[in-house]
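Here's the structure we're looking at; comments come further down.
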Amino acid sequence: MSLLEIRDYRLAFDTFDGTLHVLDGIDLSLEAGETLGIVGETGCGKSVLARSLLRLNEAPPARVVSGAILFEGQDVLSLPEKAMRRLRGRRIAMVFQDPASYLNPLLAIGTQMEDAIRGQEAALGQARRPHRAIRSQAAELLASVGLAEPQRLLASHPHQLSGGMRQRVLIAMALAGSPTLLVADEPTTALDVTVQAQVLALIAGLVAERGLALMLISHDLGVVAASCARVAVMYAGTVVEEASTAQLLANPRHPYAQGLIAAVPDLDNPAHKPRGIPGSIPNLMTPPTGCRFHPRCALASEICCSIKPALREIAPAHGVACHHATP
Amino acid sequence: MTVPLLDATGLVKTYALPRTAFQPARRLTAVAHVDLSLARGATLGLVGESGCGKSTLARLLLRLTPPSAGRIVFDDQDITNLAEASLRPLRRRLQLVHQNPSAALDPRLTAAAAVAEPLVVQRLARGTELSDRVAQLFAEVGLGPEFLRRYPHELSGGQKQRVCIARALAPEPQLLVLDEPTSALDVSVQAQILDMLAELRARRGLTYLFISHNLAVVRQVCAEVAVMYLGRIVEQGSAEQVLGAPRHPYTQALLASVPRLTAGAVPPATPSEPPNPAALPSGCTFHPRCRRAELSCHTGNPPPLVEGLACPPVALSICQTRA
């Protein structure tokens, strides 16, 4: 049994203007201790997918159309709220893009860490531990994410911390419940490159030490390449290609994945001219029929306009959702 | 030697931070003694992390912010202390493209009205000539006539940025300051915009000051690069030299931190983060994070830029290897 299995998951958003078909038949799985990156451009549904794992998309407007998200065999989509609360943080923890907006500016870091730890305690129905024990656990967590002087940090407020430190604090909070799966949604996008490198190294270290499974969402192929063994490329609510990172970078098979990789400027090789992908992302209110990429695709033929390609394995552990992909 | 289009010497910008209940009044130096010169037709990339002063420097050069000290000469004319009224004709020749195209466009103006505005304000065109010029500018940035009457909310991010570029080009500037023009865009769109910028430059003989934190993009667009750290230029030279064979430890750290498209390659981490700009370290401001820092780096004034490098220990070792 996989740690996480997403089966034919479809999600729509009902708005006043109409229904947005945000996720269209997602199939993905993740084994314990595995690292999976999800890449795609703005609006491809990668964050919505990540939030679905913890049922964080507000419903309404979000509406599950079909599918299942099995985490350790349980369907997250049908769990009662109380069971869900035991899952959040304890089994699956999440780190978000903008660390500043996920910390309360008025409360000391220590207070917020304690809340996270106490929340885990309460969800599990454990006895309340004394304040001192909670405090020392908080300090240990801060130390484990490479923050110096945890005692002093517990007394400080978010504005006294740099962006990188705030993200470390949030990662420490995410670790409070000893999760088995860490979902990181653009964890380094708000950070500068030198700090990004530090946070990526921290995440890689935690994954190795604690045997965490990681799902990392990013628009930056480089970030995913650095942190994940496997990658899924998303376009307009569908997974178009899924392969090992090395395989995808060396031999992308879906025209969109090829375009995405060719569009990235190469710092070490300025002679490589990045190429854009013509056209723009579709309106998800009226998504293109068949393959959602067909209006921008050079290979598009009649079948692409009418039949949605399924994610097929064209090589071992290399899936491509394209009618024109051949083994 | 030909006269540079823009020449800035000893530019300084400090801001006064008010006294609060927790802190005494302080001064924050956003830009410290920067010399910068742009030849006609040059493409200079200004790179550095957030808060290093690159946007402030751009605003100083455009005289959108008055400098605290220093001198700015544009096309042989000292513009450091020009009054607002005498600056106006110059604004035509110096234009700015902002980072976030959604914020830079008025949601109540159609794309055509936005592009027409500078022409109207500068009294450069009216009537049918105005609409012709606007249509021509749209064609130049790759937007069809169907976009003329659209409002910003009916445009994608890339299309909005094209409108902003058309607006900046409208008064036929000589210098275009591009402040992170593609960082709000997806990579597939970024490549299109970079292509277009290269084409426009070739056609119109423009000079670019290109501000970005994305080193790979700068390498694509710019022939010259200046690296800023905490308000100072620490390394400057040809893109090939600065980004291909960096000498300053900060430039090296910056380049090494960029994740490459190689599976499993976690970039090496540089210790700690840029310090608070209001409480800078003594000596070389990079010394607390520098792996080559020597005792002499800890004290005195920050090292000046000598032959494109503000790092005496490295400069010395290069000299020694040459000798």
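Residue numbering restarts at 1 in every chain; chains get A, B, ... in the order shown in the structure tokens, and ligands count up from 1 in that same order.
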
- List every residue of stretch 175-285 of chain B that DSSP, applied to the backbone of this structure, assigns to helix (DSSP H, G or I), and report them as an MDAnalysis selection string. chainID B and resid 187:204 215:221 239:244 249:257

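All residues of protein, DNA or RNA that reach within 9 Å of A:Pro252, judged by only C-alpha atoms and not counting those fewer than 5 positions away in the chain, are Glu241, Ala243, Gln247, Ala257, Gln258 and Ile261 of chain A.
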
- Considering only C-alpha atoms, return as a list in words whatever protein or nucleic-acid residues lie within 10 Å of A:Glu186, sequence-local ones (same chain, fewer than 2 positions apart) excluded. Ile38, Val39, Lys46, Ser47, Val95, Phe96, Gln97, Asp98, Val183, Ala184, Thr188, Thr189, Ala190, Leu216, Ile217, Ser218, His219, Asp220, Val223 and Val224 of chain A

Could you dump the residues just selected with C-alpha atoms as a PDB file, in the first residue's frame?
```
ATOM      1  CA  ILE A  38       5.012  18.983  -8.514  1.00  0.00           C
ATOM      2  CA  VAL A  39       5.912  21.621 -11.091  1.00  0.00           C
ATOM      3  CA  LYS A  46      -0.624  22.517  -7.996  1.00  0.00           C
ATOM      4  CA  SER A  47      -1.392  24.419  -4.790  1.00  0.00           C
ATOM      5  CA  VAL A  95       4.673  24.460   4.929  1.00  0.00           C
ATOM      6  CA  PHE A  96       3.469  27.409   2.884  1.00  0.00           C
ATOM      7  CA  GLN A  97       4.958  29.954   0.543  1.00  0.00           C
ATOM      8  CA  ASP A  98       4.912  33.181   2.480  1.00  0.00           C
ATOM      9  CA  VAL A 183       3.817  18.993   1.978  1.00  0.00           C
ATOM     10  CA  ALA A 184       5.800  22.093   1.053  1.00  0.00           C
ATOM     11  CA  THR A 188      11.435  29.069  -0.862  1.00  0.00           C
ATOM     12  CA  THR A 189       9.714  31.326  -3.364  1.00  0.00           C
ATOM     13  CA  ALA A 190       9.622  34.318  -0.999  1.00  0.00           C
ATOM     14  CA  LEU A 216       7.212  19.787  -2.887  1.00  0.00           C
ATOM     15  CA  ILE A 217       5.241  22.185  -5.028  1.00  0.00           C
ATOM     16  CA  SER A 218       7.183  24.695  -7.063  1.00  0.00           C
ATOM     17  CA  HIS A 219       7.182  26.670 -10.267  1.00  0.00           C
ATOM     18  CA  ASP A 220      10.972  26.429 -10.267  1.00  0.00           C
ATOM     19  CA  VAL A 223      14.239  23.779  -6.821  1.00  0.00           C
ATOM     20  CA  VAL A 224      12.417  20.545  -7.585  1.00  0.00           C
TER      21      VAL A 224
END
```

Give as a JSON list (two decimals) with C-alpha atoms, in the first residue's frame every residue of chain A that touches chain B within 8 Å, counting only C-alpha atoms.
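Saved file out_38.json follows:
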```json
[["chain", "number", "residue", "atom", "x", "y", "z"],
["A", 41, "GLU", "CA", 2.96, 27.35, -14.03],
["A", 42, "THR", "CA", 0.52, 29.76, -12.41],
["A", 162, "SER", "CA", 14.41, 37.32, 8.87],
["A", 164, "GLY", "CA", 14.65, 32.51, 6.24],
["A", 192, "ASP", "CA", 16.51, 35.10, -1.66],
["A", 193, "VAL", "CA", 18.68, 32.55, -3.46],
["A", 194, "THR", "CA", 21.35, 32.28, -0.76],
["A", 195, "VAL", "CA", 18.63, 31.71, 1.86],
["A", 196, "GLN", "CA", 16.74, 29.42, -0.49],
["A", 197, "ALA", "CA", 19.83, 27.23, -0.70],
["A", 198, "GLN", "CA", 19.89, 27.02, 3.11],
["A", 200, "LEU", "CA", 16.56, 23.45, 0.58],
["A", 201, "ALA", "CA", 19.53, 21.94, 2.40],
["A", 204, "ALA", "CA", 16.88, 17.59, 2.28],
["A", 219, "HIS", "CA", 7.18, 26.67, -10.27],
["A", 221, "LEU", "CA", 12.31, 23.29, -11.94],
["A", 222, "GLY", "CA", 15.70, 23.90, -10.33],
["A", 223, "VAL", "CA", 14.24, 23.78, -6.82],
["A", 225, "ALA", "CA", 15.51, 19.05, -9.20],
["A", 226, "ALA", "CA", 17.49, 19.81, -6.05],
["A", 227, "SER", "CA", 14.99, 18.28, -3.63],
["A", 228, "CYS", "CA", 12.95, 15.55, -5.30],
["A", 229, "ALA", "CA", 13.69, 12.15, -6.76],
["A", 245, "THR", "CA", 13.76, 13.81, -11.95],
["A", 246, "ALA", "CA", 16.83, 12.74, -13.88],
["A", 249, "LEU", "CA", 15.17, 16.60, -17.22],
["A", 259, "GLY", "CA", 8.53, 23.49, -23.58],
["A", 260, "LEU", "CA", 8.81, 24.19, -19.87],
["A", 263, "ALA", "CA", 12.01, 28.00, -21.46],
["A", 264, "VAL", "CA", 14.37, 28.04, -18.48],
["A", 265, "PRO", "CA", 17.44, 30.21, -19.10],
["A", 266, "ASP", "CA", 20.65, 28.38, -18.31],
["A", 267, "LEU", "CA", 23.03, 30.34, -16.10],
["A", 268, "ASP", "CA", 26.04, 28.27, -17.08],
["A", 270, "PRO", "CA", 24.18, 31.62, -22.08],
["A", 273, "LYS", "CA", 18.39, 30.58, -25.90],
["A", 274, "PRO", "CA", 15.29, 29.99, -23.81],
["A", 275, "ARG", "CA", 12.20, 29.44, -25.94],
["A", 276, "GLY", "CA", 8.74, 30.47, -24.82],
["A", 277, "ILE", "CA", 5.58, 28.44, -25.29],
["A", 280, "SER", "CA", -1.40, 31.34, -22.87]]
```

I need the residues in stretch 31-244 of chain B that are strand (DSSP E) according to DSSP; give them as an mmCIF file with C-alpha atoms, in the first residue's frame.
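Okay, this is what ended up in result.cif:
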```
data_model
loop_
_atom_site.group_PDB
_atom_site.id
_atom_site.type_symbol
_atom_site.label_atom_id
_atom_site.label_comp_id
_atom_site.auth_asym_id
_atom_site.auth_seq_id
_atom_site.Cartn_x
_atom_site.Cartn_y
_atom_site.Cartn_z
ATOM 1 C CA VAL B 31 22.787 53.190 -1.585
ATOM 2 C CA ALA B 32 26.376 53.940 -0.589
ATOM 3 C CA HIS B 33 28.872 55.650 -2.900
ATOM 4 C CA VAL B 34 27.851 54.033 -6.137
ATOM 5 C CA ASP B 35 29.528 54.995 -9.399
ATOM 6 C CA LEU B 36 27.745 53.769 -12.462
ATOM 7 C CA SER B 37 28.132 54.610 -16.092
ATOM 8 C CA LEU B 38 25.985 53.493 -18.989
ATOM 9 C CA THR B 43 22.858 46.573 -21.425
ATOM 10 C CA LEU B 44 23.783 46.657 -17.782
ATOM 11 C CA GLY B 45 22.351 44.105 -15.384
ATOM 12 C CA LEU B 46 22.041 45.066 -11.740
ATOM 13 C CA VAL B 47 21.788 41.989 -9.553
ATOM 14 C CA ALA B 69 24.792 62.982 -2.268
ATOM 15 C CA GLY B 70 26.452 62.394 -5.616
ATOM 16 C CA ARG B 71 26.009 63.550 -9.167
ATOM 17 C CA ILE B 72 23.950 62.227 -12.067
ATOM 18 C CA VAL B 73 24.710 63.303 -15.602
ATOM 19 C CA PHE B 74 22.364 62.294 -18.379
ATOM 20 C CA GLN B 77 23.418 67.403 -18.697
ATOM 21 C CA ASP B 78 23.700 67.460 -14.910
ATOM 22 C CA LEU B 94 14.218 57.903 -19.418
ATOM 23 C CA GLN B 95 11.488 55.365 -18.930
ATOM 24 C CA LEU B 96 10.789 52.698 -16.351
ATOM 25 C CA VAL B 97 9.101 49.300 -16.582
ATOM 26 C CA LEU B 175 17.174 54.633 -21.684
ATOM 27 C CA LEU B 176 14.823 51.964 -20.410
ATOM 28 C CA VAL B 177 15.103 50.893 -16.797
ATOM 29 C CA LEU B 178 13.579 47.445 -16.420
ATOM 30 C CA ASP B 179 12.955 46.642 -12.772
ATOM 31 C CA THR B 207 20.076 51.361 -23.619
ATOM 32 C CA TYR B 208 18.916 49.010 -20.872
ATOM 33 C CA LEU B 209 19.439 49.044 -17.158
ATOM 34 C CA PHE B 210 18.094 45.628 -16.242
ATOM 35 C CA ILE B 211 17.427 44.963 -12.578
ATOM 36 C CA SER B 212 16.884 41.393 -11.544
ATOM 37 C CA GLU B 224 27.622 43.976 -18.438
ATOM 38 C CA VAL B 225 26.729 43.132 -14.864
ATOM 39 C CA ALA B 226 27.020 44.935 -11.531
ATOM 40 C CA VAL B 227 26.489 42.945 -8.340
ATOM 41 C CA MET B 228 25.128 44.829 -5.343
ATOM 42 C CA TYR B 229 25.289 43.868 -1.703
ATOM 43 C CA ARG B 232 27.310 48.851 -2.620
ATOM 44 C CA ILE B 233 28.496 47.471 -5.906
ATOM 45 C CA VAL B 234 30.870 44.668 -4.968
ATOM 46 C CA GLU B 235 31.731 43.434 -8.440
ATOM 47 C CA GLN B 236 31.257 44.818 -11.905
ATOM 48 C CA GLY B 237 32.345 43.825 -15.363
ATOM 49 C CA SER B 238 31.302 41.946 -18.467
#
```

- Task: Tell me, as number ranges by chain, which residues lie within 10 Å of stretch 316-325 of chain A, counting only C-alpha atoms; anything in the same chain fewer than 6 positions away does not count.
- Result: A: 230-233, 238-244, 247-248, 252-257, 291, 293-294, 299-301, 303-304, 307-310

Just N, CA and C atoms for this one: save the residues we selected as a PDB file, in the first residue's frame.
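Wrote part-v6.pdb, looks like this:
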```
ATOM      1  N   ARG A 230      11.472  12.310  -7.732  1.00  0.00           N
ATOM      2  CA  ARG A 230      10.495  12.122  -8.792  1.00  0.00           C
ATOM      3  C   ARG A 230       9.743  13.437  -9.024  1.00  0.00           C
ATOM      4  N   VAL A 231       9.280  13.641 -10.240  1.00  0.00           N
ATOM      5  CA  VAL A 231       8.572  14.882 -10.565  1.00  0.00           C
ATOM      6  C   VAL A 231       7.295  14.588 -11.336  1.00  0.00           C
ATOM      7  N   ALA A 232       6.256  15.349 -11.015  1.00  0.00           N
ATOM      8  CA  ALA A 232       5.056  15.338 -11.835  1.00  0.00           C
ATOM      9  C   ALA A 232       4.885  16.739 -12.391  1.00  0.00           C
ATOM     10  N   VAL A 233       4.671  16.833 -13.705  1.00  0.00           N
ATOM     11  CA  VAL A 233       4.469  18.136 -14.342  1.00  0.00           C
ATOM     12  C   VAL A 233       2.970  18.333 -14.541  1.00  0.00           C
ATOM     13  N   THR A 238      -4.184  19.052 -14.957  1.00  0.00           N
ATOM     14  CA  THR A 238      -3.909  17.653 -15.240  1.00  0.00           C
ATOM     15  C   THR A 238      -2.412  17.378 -15.060  1.00  0.00           C
ATOM     16  N   VAL A 239      -2.099  16.114 -14.731  1.00  0.00           N
ATOM     17  CA  VAL A 239      -0.692  15.720 -14.699  1.00  0.00           C
ATOM     18  C   VAL A 239      -0.350  15.275 -16.112  1.00  0.00           C
ATOM     19  N   VAL A 240       0.594  15.950 -16.755  1.00  0.00           N
ATOM     20  CA  VAL A 240       0.910  15.609 -18.142  1.00  0.00           C
ATOM     21  C   VAL A 240       2.099  14.666 -18.258  1.00  0.00           C
ATOM     22  N   GLU A 241       2.981  14.695 -17.240  1.00  0.00           N
ATOM     23  CA  GLU A 241       4.115  13.783 -17.286  1.00  0.00           C
ATOM     24  C   GLU A 241       4.599  13.510 -15.878  1.00  0.00           C
ATOM     25  N   GLU A 242       5.041  12.278 -15.654  1.00  0.00           N
ATOM     26  CA  GLU A 242       5.548  11.920 -14.346  1.00  0.00           C
ATOM     27  C   GLU A 242       6.707  10.961 -14.533  1.00  0.00           C
ATOM     28  N   ALA A 243       7.854  11.300 -13.925  1.00  0.00           N
ATOM     29  CA  ALA A 243       9.041  10.469 -14.112  1.00  0.00           C
ATOM     30  C   ALA A 243      10.038  10.769 -13.018  1.00  0.00           C
ATOM     31  N   SER A 244      11.121  10.015 -13.002  1.00  0.00           N
ATOM     32  CA  SER A 244      12.198  10.357 -12.083  1.00  0.00           C
ATOM     33  C   SER A 244      12.768  11.693 -12.551  1.00  0.00           C
ATOM     34  N   GLN A 247      15.311  11.511 -15.289  1.00  0.00           N
ATOM     35  CA  GLN A 247      14.694  11.097 -16.548  1.00  0.00           C
ATOM     36  C   GLN A 247      13.939  12.256 -17.199  1.00  0.00           C
ATOM     37  N   LEU A 248      13.173  12.976 -16.374  1.00  0.00           N
ATOM     38  CA  LEU A 248      12.369  14.069 -16.918  1.00  0.00           C
ATOM     39  C   LEU A 248      13.263  15.165 -17.492  1.00  0.00           C
ATOM     40  N   PRO A 252      12.444  14.682 -21.511  1.00  0.00           N
ATOM     41  CA  PRO A 252      11.021  14.980 -21.335  1.00  0.00           C
ATOM     42  C   PRO A 252      10.257  14.539 -22.574  1.00  0.00           C
ATOM     43  N   ARG A 253       9.070  13.964 -22.397  1.00  0.00           N
ATOM     44  CA  ARG A 253       8.354  13.418 -23.537  1.00  0.00           C
ATOM     45  C   ARG A 253       7.100  14.201 -23.884  1.00  0.00           C
ATOM     46  N   HIS A 254       6.477  14.822 -22.887  1.00  0.00           N
ATOM     47  CA  HIS A 254       5.267  15.594 -23.188  1.00  0.00           C
ATOM     48  C   HIS A 254       5.672  16.950 -23.771  1.00  0.00           C
ATOM     49  N   PRO A 255       4.995  17.395 -24.831  1.00  0.00           N
ATOM     50  CA  PRO A 255       5.366  18.674 -25.449  1.00  0.00           C
ATOM     51  C   PRO A 255       5.377  19.831 -24.444  1.00  0.00           C
ATOM     52  N   TYR A 256       4.475  19.802 -23.455  1.00  0.00           N
ATOM     53  CA  TYR A 256       4.478  20.890 -22.482  1.00  0.00           C
ATOM     54  C   TYR A 256       5.708  20.808 -21.582  1.00  0.00           C
ATOM     55  N   ALA A 257       6.027  19.597 -21.124  1.00  0.00           N
ATOM     56  CA  ALA A 257       7.214  19.434 -20.277  1.00  0.00           C
ATOM     57  C   ALA A 257       8.467  19.845 -21.044  1.00  0.00           C
ATOM     58  N   CYS A 291      -7.212  16.954 -24.979  1.00  0.00           N
ATOM     59  CA  CYS A 291      -6.019  17.315 -24.233  1.00  0.00           C
ATOM     60  C   CYS A 291      -6.054  18.812 -23.969  1.00  0.00           C
ATOM     61  N   PHE A 293      -3.815  20.801 -23.405  1.00  0.00           N
ATOM     62  CA  PHE A 293      -2.675  21.538 -23.957  1.00  0.00           C
ATOM     63  C   PHE A 293      -2.791  21.714 -25.476  1.00  0.00           C
ATOM     64  N   HIS A 294      -3.780  21.070 -26.097  1.00  0.00           N
ATOM     65  CA  HIS A 294      -3.758  21.023 -27.567  1.00  0.00           C
ATOM     66  C   HIS A 294      -3.756  22.385 -28.269  1.00  0.00           C
ATOM     67  N   LEU A 299       2.230  19.511 -31.890  1.00  0.00           N
ATOM     68  CA  LEU A 299       1.930  18.170 -32.389  1.00  0.00           C
ATOM     69  C   LEU A 299       0.432  17.906 -32.516  1.00  0.00           C
ATOM     70  N   ALA A 300      -0.392  18.868 -32.055  1.00  0.00           N
ATOM     71  CA  ALA A 300      -1.826  18.594 -31.925  1.00  0.00           C
ATOM     72  C   ALA A 300      -2.440  18.089 -33.223  1.00  0.00           C
ATOM     73  N   SER A 301      -3.213  17.018 -33.111  1.00  0.00           N
ATOM     74  CA  SER A 301      -3.936  16.494 -34.260  1.00  0.00           C
ATOM     75  C   SER A 301      -5.398  16.346 -33.848  1.00  0.00           C
ATOM     76  N   ILE A 303      -7.258  13.860 -32.867  1.00  0.00           N
ATOM     77  CA  ILE A 303      -7.574  13.077 -31.665  1.00  0.00           C
ATOM     78  C   ILE A 303      -7.338  13.913 -30.400  1.00  0.00           C
ATOM     79  N   CYS A 304      -6.353  14.817 -30.448  1.00  0.00           N
ATOM     80  CA  CYS A 304      -6.023  15.648 -29.281  1.00  0.00           C
ATOM     81  C   CYS A 304      -7.161  16.588 -28.923  1.00  0.00           C
ATOM     82  N   ILE A 307     -10.246  13.608 -27.564  1.00  0.00           N
ATOM     83  CA  ILE A 307     -10.096  12.614 -26.503  1.00  0.00           C
ATOM     84  C   ILE A 307      -8.994  13.016 -25.545  1.00  0.00           C
ATOM     85  N   LYS A 308      -9.308  13.004 -24.254  1.00  0.00           N
ATOM     86  CA  LYS A 308      -8.306  13.353 -23.258  1.00  0.00           C
ATOM     87  C   LYS A 308      -7.307  12.211 -23.119  1.00  0.00           C
ATOM     88  N   PRO A 309      -6.000  12.460 -23.318  1.00  0.00           N
ATOM     89  CA  PRO A 309      -5.030  11.381 -23.198  1.00  0.00           C
ATOM     90  C   PRO A 309      -4.847  10.969 -21.743  1.00  0.00           C
ATOM     91  N   ALA A 310      -4.777   9.648 -21.497  1.00  0.00           N
ATOM     92  CA  ALA A 310      -4.543   9.162 -20.141  1.00  0.00           C
ATOM     93  C   ALA A 310      -3.039   9.139 -19.886  1.00  0.00           C
TER      94      ALA A 310
END
```

- Task: Could you jot down the atom CA of A:Leu212 to atom CA of A:Val76 separation for me, Å, one decimal place?
- Result: 19.2 Å

Can you pull out every residue within 7 Å of stretch 99-112 of chain B, counting only C-alpha atoms, but drop anything in the same chain fewer than 4 positions away, and send it as a short mmCIF file (atom, residue, chain, number, x, y, z; two decimals) with N, CA and C atoms, in the first residue's frame?
```cif
data_model
loop_
_atom_site.label_atom_id
_atom_site.label_comp_id
_atom_site.auth_asym_id
_atom_site.auth_seq_id
_atom_site.Cartn_x
_atom_site.Cartn_y
_atom_site.Cartn_z
N ALA B 116 -1.44 55.48 -24.64
CA ALA B 116 -1.56 56.84 -25.19
C ALA B 116 -1.18 57.89 -24.16
N VAL B 134 -0.30 54.59 -31.27
CA VAL B 134 -0.63 53.56 -30.28
C VAL B 134 -0.74 52.19 -30.97
N PHE B 147 -6.46 43.91 -28.86
CA PHE B 147 -6.13 44.19 -27.47
C PHE B 147 -6.30 45.66 -27.10
N LEU B 148 -6.44 46.51 -28.11
CA LEU B 148 -6.49 47.95 -27.87
C LEU B 148 -7.56 48.33 -26.85
N ARG B 149 -8.71 47.72 -26.98
CA ARG B 149 -9.84 48.15 -26.14
C ARG B 149 -10.02 47.30 -24.90
N ARG B 150 -9.06 46.43 -24.63
CA ARG B 150 -9.20 45.58 -23.44
C ARG B 150 -8.76 46.33 -22.19
N TYR B 151 -9.36 45.94 -21.07
CA TYR B 151 -8.96 46.46 -19.77
C TYR B 151 -7.95 45.50 -19.15
N PRO B 152 -7.13 45.98 -18.20
CA PRO B 152 -6.10 45.11 -17.62
C PRO B 152 -6.63 43.75 -17.14
N GLY B 157 -0.86 38.01 -17.56
CA GLY B 157 0.31 38.70 -17.01
C GLY B 157 1.29 39.13 -18.08
N LYS B 160 -0.10 42.02 -20.08
CA LYS B 160 -0.03 43.26 -19.32
C LYS B 160 1.38 43.83 -19.38
N GLN B 161 2.38 42.93 -19.25
CA GLN B 161 3.75 43.43 -19.28
C GLN B 161 4.07 44.00 -20.67
N VAL B 163 1.94 45.55 -22.55
CA VAL B 163 1.31 46.87 -22.56
C VAL B 163 2.21 47.87 -21.83
N CYS B 164 2.76 47.45 -20.68
CA CYS B 164 3.63 48.34 -19.91
C CYS B 164 4.87 48.71 -20.71
N ASP B 179 12.82 47.09 -14.15
CA ASP B 179 12.95 46.64 -12.77
C ASP B 179 12.25 45.29 -12.61
N GLU B 180 13.00 44.22 -12.62
CA GLU B 180 12.46 42.87 -12.51
C GLU B 180 11.29 42.65 -13.48
N PRO B 181 11.50 42.89 -14.78
CA PRO B 181 10.35 42.88 -15.69
C PRO B 181 9.71 41.51 -15.88
N THR B 182 10.41 40.45 -15.52
CA THR B 182 9.80 39.14 -15.76
C THR B 182 9.61 38.33 -14.49
N SER B 183 9.88 38.91 -13.32
CA SER B 183 9.82 38.04 -12.14
C SER B 183 8.39 37.71 -11.74
N ALA B 184 7.40 38.46 -12.23
CA ALA B 184 6.01 38.10 -11.90
C ALA B 184 5.43 37.14 -12.95
#
```

- How far is it from atom CA of B:Thr2 to atom CA of B:Ala42, in Å with one decimal? 12.7 Å

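Nearest to A:Leu30 of all the residues A:Leu141, A:Leu181, A:Leu87, A:Ala176 is A:Leu181, counting only C-alpha atoms.
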
- Skip B:Val3 itself and residues of its chain fewer than 6 positions away, then list as a PyMOL selection string all residues within 9 Å of it, counting only C-alpha atoms. chain B and resi 39-40+75-76

- Item | Long-range neighbours of stretch 79-81 of chain A as a list in words, 12 Å cut-off, only C-alpha atoms, 6 positions minimum in chain | Leu53, Leu54, Arg55, Leu56, Ala68, Ile69, Leu70, Phe71, Gly73, Leu87, Arg88 and Ala123 of chain A

File of the preceding selection, C-alpha atoms, as a CSV table (one decimal), in the first residue's frame:
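The resulting selection_34.csv:
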```
chain,number,residue,atom,x,y,z
A,53,LEU,CA,-4.4,16.5,0.9
A,54,LEU,CA,-5.3,18.2,4.1
A,55,ARG,CA,-8.8,19.3,2.9
A,56,LEU,CA,-7.9,22.9,3.2
A,68,ALA,CA,-10.3,9.6,-3.8
A,69,ILE,CA,-7.3,10.6,-1.9
A,70,LEU,CA,-6.1,7.7,0.1
A,71,PHE,CA,-3.6,8.4,2.9
A,73,GLY,CA,-5.5,3.6,3.2
A,87,LEU,CA,-4.2,13.8,10.4
A,88,ARG,CA,-3.3,17.4,10.0
A,123,ALA,CA,-6.0,16.1,18.8
```
